>>> print(open('work-v7.cif').read())   # mmCIF, C-alpha atoms and all ligand atoms
data_my_file
loop_
_atom_site.label_atom_id
_atom_site.label_comp_id
_atom_site.auth_asym_id
_atom_site.auth_seq_id
_atom_site.Cartn_x
_atom_site.Cartn_y
_atom_site.Cartn_z
CA MET A 1 20.55 2.00 7.49
CA GLU A 2 19.59 2.40 3.85
CA SER A 3 16.95 4.97 2.97
CA THR A 4 13.26 3.99 2.91
CA PHE A 5 12.40 6.96 0.66
CA ASP A 6 13.99 9.61 -1.57
CA ALA A 7 11.77 12.59 -2.34
CA ARG A 8 14.11 13.58 -5.21
CA CYS A 9 14.61 10.15 -6.70
CA THR A 10 15.25 10.09 -10.48
CA LEU A 11 16.27 6.43 -10.86
CA CYS A 12 13.56 5.71 -13.46
CA PRO A 13 13.89 7.98 -16.51
CA ARG A 14 10.44 7.09 -17.87
CA LEU A 15 8.72 7.92 -14.56
CA THR A 16 10.75 11.09 -13.97
CA CYS A 17 9.81 12.31 -17.45
CA PHE A 18 6.16 11.35 -17.00
CA LEU A 19 5.99 13.21 -13.66
CA SER A 20 7.41 16.37 -15.16
CA ARG A 21 4.72 16.28 -17.88
CA VAL A 22 2.03 15.67 -15.24
CA ARG A 23 3.37 18.66 -13.23
CA GLU A 24 2.94 20.89 -16.29
CA ARG A 25 -0.64 19.71 -16.83
CA HIS A 26 -1.52 19.81 -13.10
CA PRO A 27 0.65 22.44 -11.41
CA ASP A 28 -1.32 21.97 -8.17
CA TYR A 29 -0.54 18.23 -7.96
CA HIS A 30 2.18 16.70 -5.77
CA ALA A 31 3.54 14.91 -8.89
CA ALA A 32 6.67 13.51 -7.20
CA PRO A 33 7.62 10.35 -5.30
CA VAL A 34 5.00 9.63 -2.62
CA ALA A 35 6.34 8.88 0.86
CA PRO A 36 5.04 6.08 3.09
CA PHE A 37 2.36 7.29 5.50
CA GLY A 38 1.65 6.30 9.08
CA ASP A 39 3.15 4.97 12.26
CA ALA A 40 6.96 4.62 12.14
CA ALA A 41 6.81 1.83 14.75
CA ALA A 42 3.89 -0.03 13.15
CA ARG A 43 3.42 -3.80 13.37
CA PHE A 44 1.23 -3.65 10.26
CA LEU A 45 2.42 -2.51 6.82
CA VAL A 46 0.05 -2.19 3.86
CA VAL A 47 1.82 -2.38 0.49
CA GLY A 48 0.01 -0.95 -2.53
CA LEU A 49 1.07 -0.83 -6.14
CA ALA A 50 1.90 2.79 -7.04
CA PRO A 51 0.32 6.25 -6.65
CA GLY A 52 -2.87 6.85 -8.62
CA MET A 53 -2.96 9.86 -10.96
CA HIS A 54 -5.68 11.82 -9.17
CA GLY A 55 -5.20 10.26 -5.74
CA ALA A 56 -1.78 9.83 -4.13
CA ASN A 57 -0.05 11.56 -7.04
CA ALA A 58 -2.27 14.61 -6.53
CA THR A 59 -2.39 14.72 -2.72
CA GLY A 60 1.07 13.31 -1.90
CA ARG A 61 -0.29 10.62 0.46
CA PRO A 62 -0.85 6.95 -0.43
CA PHE A 63 -4.43 6.02 -1.38
CA THR A 64 -5.66 9.53 -0.56
CA GLY A 65 -8.20 11.33 -2.72
CA ASP A 66 -9.24 8.60 -5.14
CA HIS A 67 -11.53 5.58 -5.28
CA ALA A 68 -8.83 3.06 -4.34
CA GLY A 69 -8.60 4.54 -0.85
CA ILE A 70 -12.31 4.36 0.00
CA LEU A 71 -12.52 0.70 1.04
CA LEU A 72 -8.97 0.66 2.42
CA TYR A 73 -9.40 3.58 4.81
CA GLU A 74 -12.93 2.55 5.80
CA THR A 75 -11.62 -0.91 6.72
CA LEU A 76 -8.52 0.36 8.52
CA HIS A 77 -10.80 2.51 10.67
CA ARG A 78 -13.24 -0.35 11.34
CA PHE A 79 -10.35 -2.49 12.60
CA GLY A 80 -8.87 0.18 14.84
CA PHE A 81 -5.90 1.23 12.73
CA SER A 82 -6.95 4.86 12.27
CA ASN A 83 -8.89 7.73 13.80
CA ARG A 84 -11.10 8.44 10.73
CA PRO A 85 -12.78 6.32 8.01
CA THR A 86 -11.89 8.59 5.09
CA ALA A 87 -8.78 10.10 3.52
CA VAL A 88 -9.34 13.35 1.68
CA ALA A 89 -6.05 15.25 1.57
CA MET A 90 -2.95 16.04 3.59
CA GLY A 91 -4.00 17.97 6.68
CA ASP A 92 -7.37 16.20 7.01
CA GLY A 93 -6.44 15.01 10.51
CA LEU A 94 -6.12 11.35 9.54
CA GLU A 95 -3.72 9.39 11.75
CA LEU A 96 -2.81 5.72 11.54
CA THR A 97 -2.13 3.65 14.66
CA ASP A 98 0.18 0.63 14.53
CA CYS A 99 -0.14 0.79 10.74
CA ARG A 100 1.80 2.28 7.82
CA ILE A 101 0.95 2.39 4.13
CA THR A 102 3.53 2.32 1.38
CA ASN A 103 3.69 1.49 -2.33
CA ALA A 104 5.86 -0.99 -4.20
CA VAL A 105 6.62 1.85 -6.64
CA LYS A 106 6.71 5.37 -5.19
CA CYS A 107 6.10 7.32 -8.43
CA LEU A 108 3.03 7.51 -10.65
CA PRO A 109 3.45 5.15 -13.62
CA PRO A 110 1.70 5.73 -16.97
CA GLU A 111 -1.53 3.70 -17.13
CA ASN A 112 -0.95 2.51 -13.55
CA ARG A 113 1.58 0.01 -14.89
CA PRO A 114 5.15 0.18 -13.68
CA GLU A 115 7.71 -1.67 -15.80
CA THR A 116 9.70 -4.55 -14.30
CA GLY A 117 12.87 -2.43 -14.14
CA GLU A 118 11.00 0.34 -12.31
CA VAL A 119 9.73 -2.11 -9.68
CA ALA A 120 13.34 -3.32 -9.34
CA ASN A 121 14.74 0.25 -9.04
CA CYS A 122 12.27 1.06 -6.27
CA ASN A 123 12.69 -2.26 -4.45
CA PRO A 124 15.63 -1.22 -2.21
CA PHE A 125 13.35 1.40 -0.60
CA LEU A 126 10.78 -1.29 0.17
CA ALA A 127 13.50 -3.63 1.42
CA ALA A 128 14.76 -0.92 3.80
CA GLU A 129 11.21 -0.31 4.99
CA LEU A 130 10.63 -4.01 5.66
CA ARG A 131 13.78 -4.03 7.78
CA THR A 132 12.15 -1.46 10.10
CA LEU A 133 9.32 -3.87 10.97
CA PRO A 134 9.42 -5.63 14.32
CA ARG A 135 9.41 -9.43 14.55
CA GLY A 136 5.82 -10.69 14.33
CA ALA A 137 4.74 -7.84 12.03
CA VAL A 138 2.16 -8.39 9.29
CA ILE A 139 2.47 -7.16 5.72
CA LEU A 140 -0.69 -6.86 3.63
CA ALA A 141 0.09 -7.05 -0.10
CA LEU A 142 -2.60 -5.47 -2.25
CA GLY A 143 -2.35 -7.41 -5.50
CA THR A 144 0.22 -9.61 -7.19
CA LEU A 145 2.69 -6.86 -8.00
CA ALA A 146 2.90 -5.79 -4.35
CA HIS A 147 3.15 -9.44 -3.26
CA ASN A 148 6.06 -10.10 -5.63
CA ALA A 149 7.77 -6.83 -4.68
CA VAL A 150 7.67 -7.85 -1.00
CA LEU A 151 9.17 -11.28 -1.77
CA ARG A 152 11.88 -9.70 -3.89
CA ALA A 153 12.66 -7.17 -1.14
CA LEU A 154 13.10 -10.07 1.28
CA GLY A 155 15.28 -11.98 -1.18
CA LEU A 156 12.68 -14.75 -1.58
CA LYS A 157 11.51 -16.59 -4.70
CA ALA A 158 8.02 -15.83 -6.00
CA SER A 159 7.62 -19.51 -6.93
CA ALA A 160 7.86 -20.49 -3.25
CA HIS A 161 4.96 -18.22 -2.24
CA ARG A 162 2.11 -17.91 -4.72
CA PHE A 163 -0.25 -14.93 -4.54
CA GLY A 164 -3.85 -15.73 -3.61
CA HIS A 165 -6.60 -13.63 -2.08
CA GLY A 166 -6.56 -14.39 1.67
CA ALA A 167 -3.36 -16.45 1.41
CA GLU A 168 -0.92 -16.24 4.28
CA HIS A 169 2.85 -16.75 4.05
CA ALA A 170 5.17 -17.15 7.05
CA LEU A 171 8.40 -15.36 6.12
CA ASP A 172 11.05 -15.62 8.80
CA GLY A 173 9.41 -13.63 11.60
CA LEU A 174 7.00 -11.71 9.36
CA THR A 175 3.64 -12.79 7.97
CA LEU A 176 2.68 -11.77 4.47
CA VAL A 177 -1.09 -11.72 3.87
CA ASP A 178 -2.48 -11.24 0.36
CA SER A 179 -5.59 -9.47 -0.85
CA TYR A 180 -6.88 -8.49 -4.22
CA HIS A 181 -6.13 -4.80 -4.74
CA CYS A 182 -8.91 -2.46 -3.55
CA SER A 183 -8.94 -0.65 -6.92
CA ARG A 184 -12.05 0.88 -8.43
CA TYR A 185 -12.12 -1.91 -11.01
CA ASN A 186 -11.92 -4.72 -8.44
CA THR A 187 -14.48 -3.21 -6.06
CA GLN A 188 -16.96 -2.20 -8.77
CA THR A 189 -16.84 -5.62 -10.46
CA ARG A 190 -17.07 -7.18 -6.95
CA ARG A 191 -13.95 -9.23 -7.51
CA LEU A 192 -13.18 -7.71 -4.09
CA THR A 193 -16.20 -7.10 -1.87
CA PRO A 194 -16.12 -5.28 1.49
CA GLU A 195 -16.90 -8.63 3.17
CA MET A 196 -13.91 -10.30 1.48
CA PHE A 197 -11.65 -7.44 2.51
CA ARG A 198 -12.94 -7.49 6.10
CA ALA A 199 -12.31 -11.24 6.34
CA VAL A 200 -8.65 -10.57 5.52
CA PHE A 201 -8.52 -7.89 8.22
CA HIS A 202 -10.15 -10.23 10.75
CA ARG A 203 -7.26 -12.62 10.21
CA ILE A 204 -4.74 -9.78 10.46
CA ARG A 205 -6.27 -8.79 13.80
CA GLU A 206 -5.85 -12.37 15.01
CA LEU A 207 -2.16 -12.08 14.13
CA ILE A 208 -1.74 -8.63 15.73
CA PRO A 209 -4.52 -8.17 18.29
CA PRO A 210 -5.39 -4.58 19.20
CA ALA A 211 -4.62 -3.12 22.60
CA ARG A 212 -7.34 -4.13 25.08
CA ASP A 213 -10.51 -1.98 25.33
CA SER A 214 -9.95 -0.35 21.93
CA GLY A 215 -13.45 -1.36 20.73
CA THR A 216 -12.09 -3.02 17.59
CA PRO A 217 -13.83 -6.06 15.98
CA GLY A 218 -11.74 -9.07 16.84
N1 LIG B 301 -3.02 4.71 -4.57
C1 LIG B 301 -1.88 4.26 -4.00
O1 LIG B 301 -1.21 4.98 -3.27
N2 LIG B 301 -1.51 3.00 -4.26
C2 LIG B 301 -2.22 2.16 -5.02
O2 LIG B 301 -1.82 1.01 -5.17
C3 LIG B 301 -3.40 2.65 -5.61
C4 LIG B 301 -3.78 3.93 -5.37
#
>>> encode(input="work-v7.cif", output="structure tokens", more="lines below")
Ligand code: URA
Amino acid sequence: MESTFDARCTLCPRLTCFLSRVRERHPDYHAAPVAPFGDAAARFLVVGLAPGMHGANATGRPFTGDHAGILLYETLHRFGFSNRPTAVAMGDGLELTDCRITNAVKCLPPENRPETGEVANCNPFLAAELRTLPRGAVILALGTLAHNAVLRALGLKASAHRFGHGAEHALDGLTLVDSYHCSRYNTQTRRLTPEMFRAVFHRIRELIPPARDSGTPG
């Protein structure tokens, strides 16, 4: 099976160069490709955009240590996918259950904006990761870039499946569910409210119900 992650990847010269500059400025930061985090046998895969400078890029774990992770981890916990509502740093005891989090692009991009070629270079890792999902699994795409990266990884046309908050796409044994990205900008402007995000998770829990007696909202 192809690799889902390469900790030493240098496929994107711009990102490799940027990371080495970031490492000089922040010697205590992870500043390298960020590996997927969570349950290897998960039925639920969350796909983000790329590591944030002072979050995943600093801590080495997706959505950990910055604003973008606040609503995500709070909601994952509320719906029974984790043992804690917050993500602070590696070693904080956080564990995901039946859930894994990955990014469409594994390295920090300047200005949070990966170039098209960088998304393409990283796509085989996402494709390999999608192949590990069991039939009936649900993929949550956070934002248009993640949505399009998932379609590309599955060899599907973006024009056949338009991104929309709360939209659901049946993709040959997998269901892709879309949400606006839980970024600081989207949550502070209330483009994405906690209620909107929870409604998406309610639907996801209908698609993959929790084990009985887990105390999760259904
Ligand atoms: N942190 C991540 O790991 N991914 C995002 O998309 C945003 C922040």
>>> atom_distance(input="work-v7.cif", atom1="atom CA of A:Ala141", atom2="atom CA of A:Ile204")
11.9 Å
>>> axis_aligned_box(input="work-v7.cif", around="ligand LIG 301 (chain B)", padding_each_side="8 Å", output="JSON")
{"center_x": -2.5, "center_y": 3.0, "center_z": -4.4, "size_x": 18.6, "size_y": 20.0, "size_z": 18.3}
>>> residues_around(input="work-v7.cif", residues="A:Ser20", least_positions_apart="4", cutoff="9 Å", atoms="only C-alpha atoms", output="JSON, numbers by chain")
{"A": [15, 16, 24, 25, 31, 32]}
>>> closest_residue(input="work-v7.cif", among="A:Gly136, A:Pro85, A:Gly69, A:Gly80", to="A:Thr187", atoms="all atoms listed in the file")
A:Gly69
>>> closest_residue(input="work-v7.cif", among="A:Ala158, A:Ala50, A:Leu207, A:Leu94", to="A:Cys122", atoms="only C-alpha atoms")
A:Ala50
>>> residues_near_ligand(input="work-v7.cif", ligand="ligand LIG 301 (chain B)", cutoff="6 Å", atoms="all atoms listed in the file", output="list in words")
Gly48, Leu49, Ala50, Pro51, Gly52, Ala56, Pro62, Phe63, Ala68 and Asn103 of chain A
>>> closest_residue(input="work-v7.cif", among="A:Met90, A:Leu133, A:Leu140, A:Leu176", to="A:Val34", atoms="all atoms listed in the file")
A:Met90
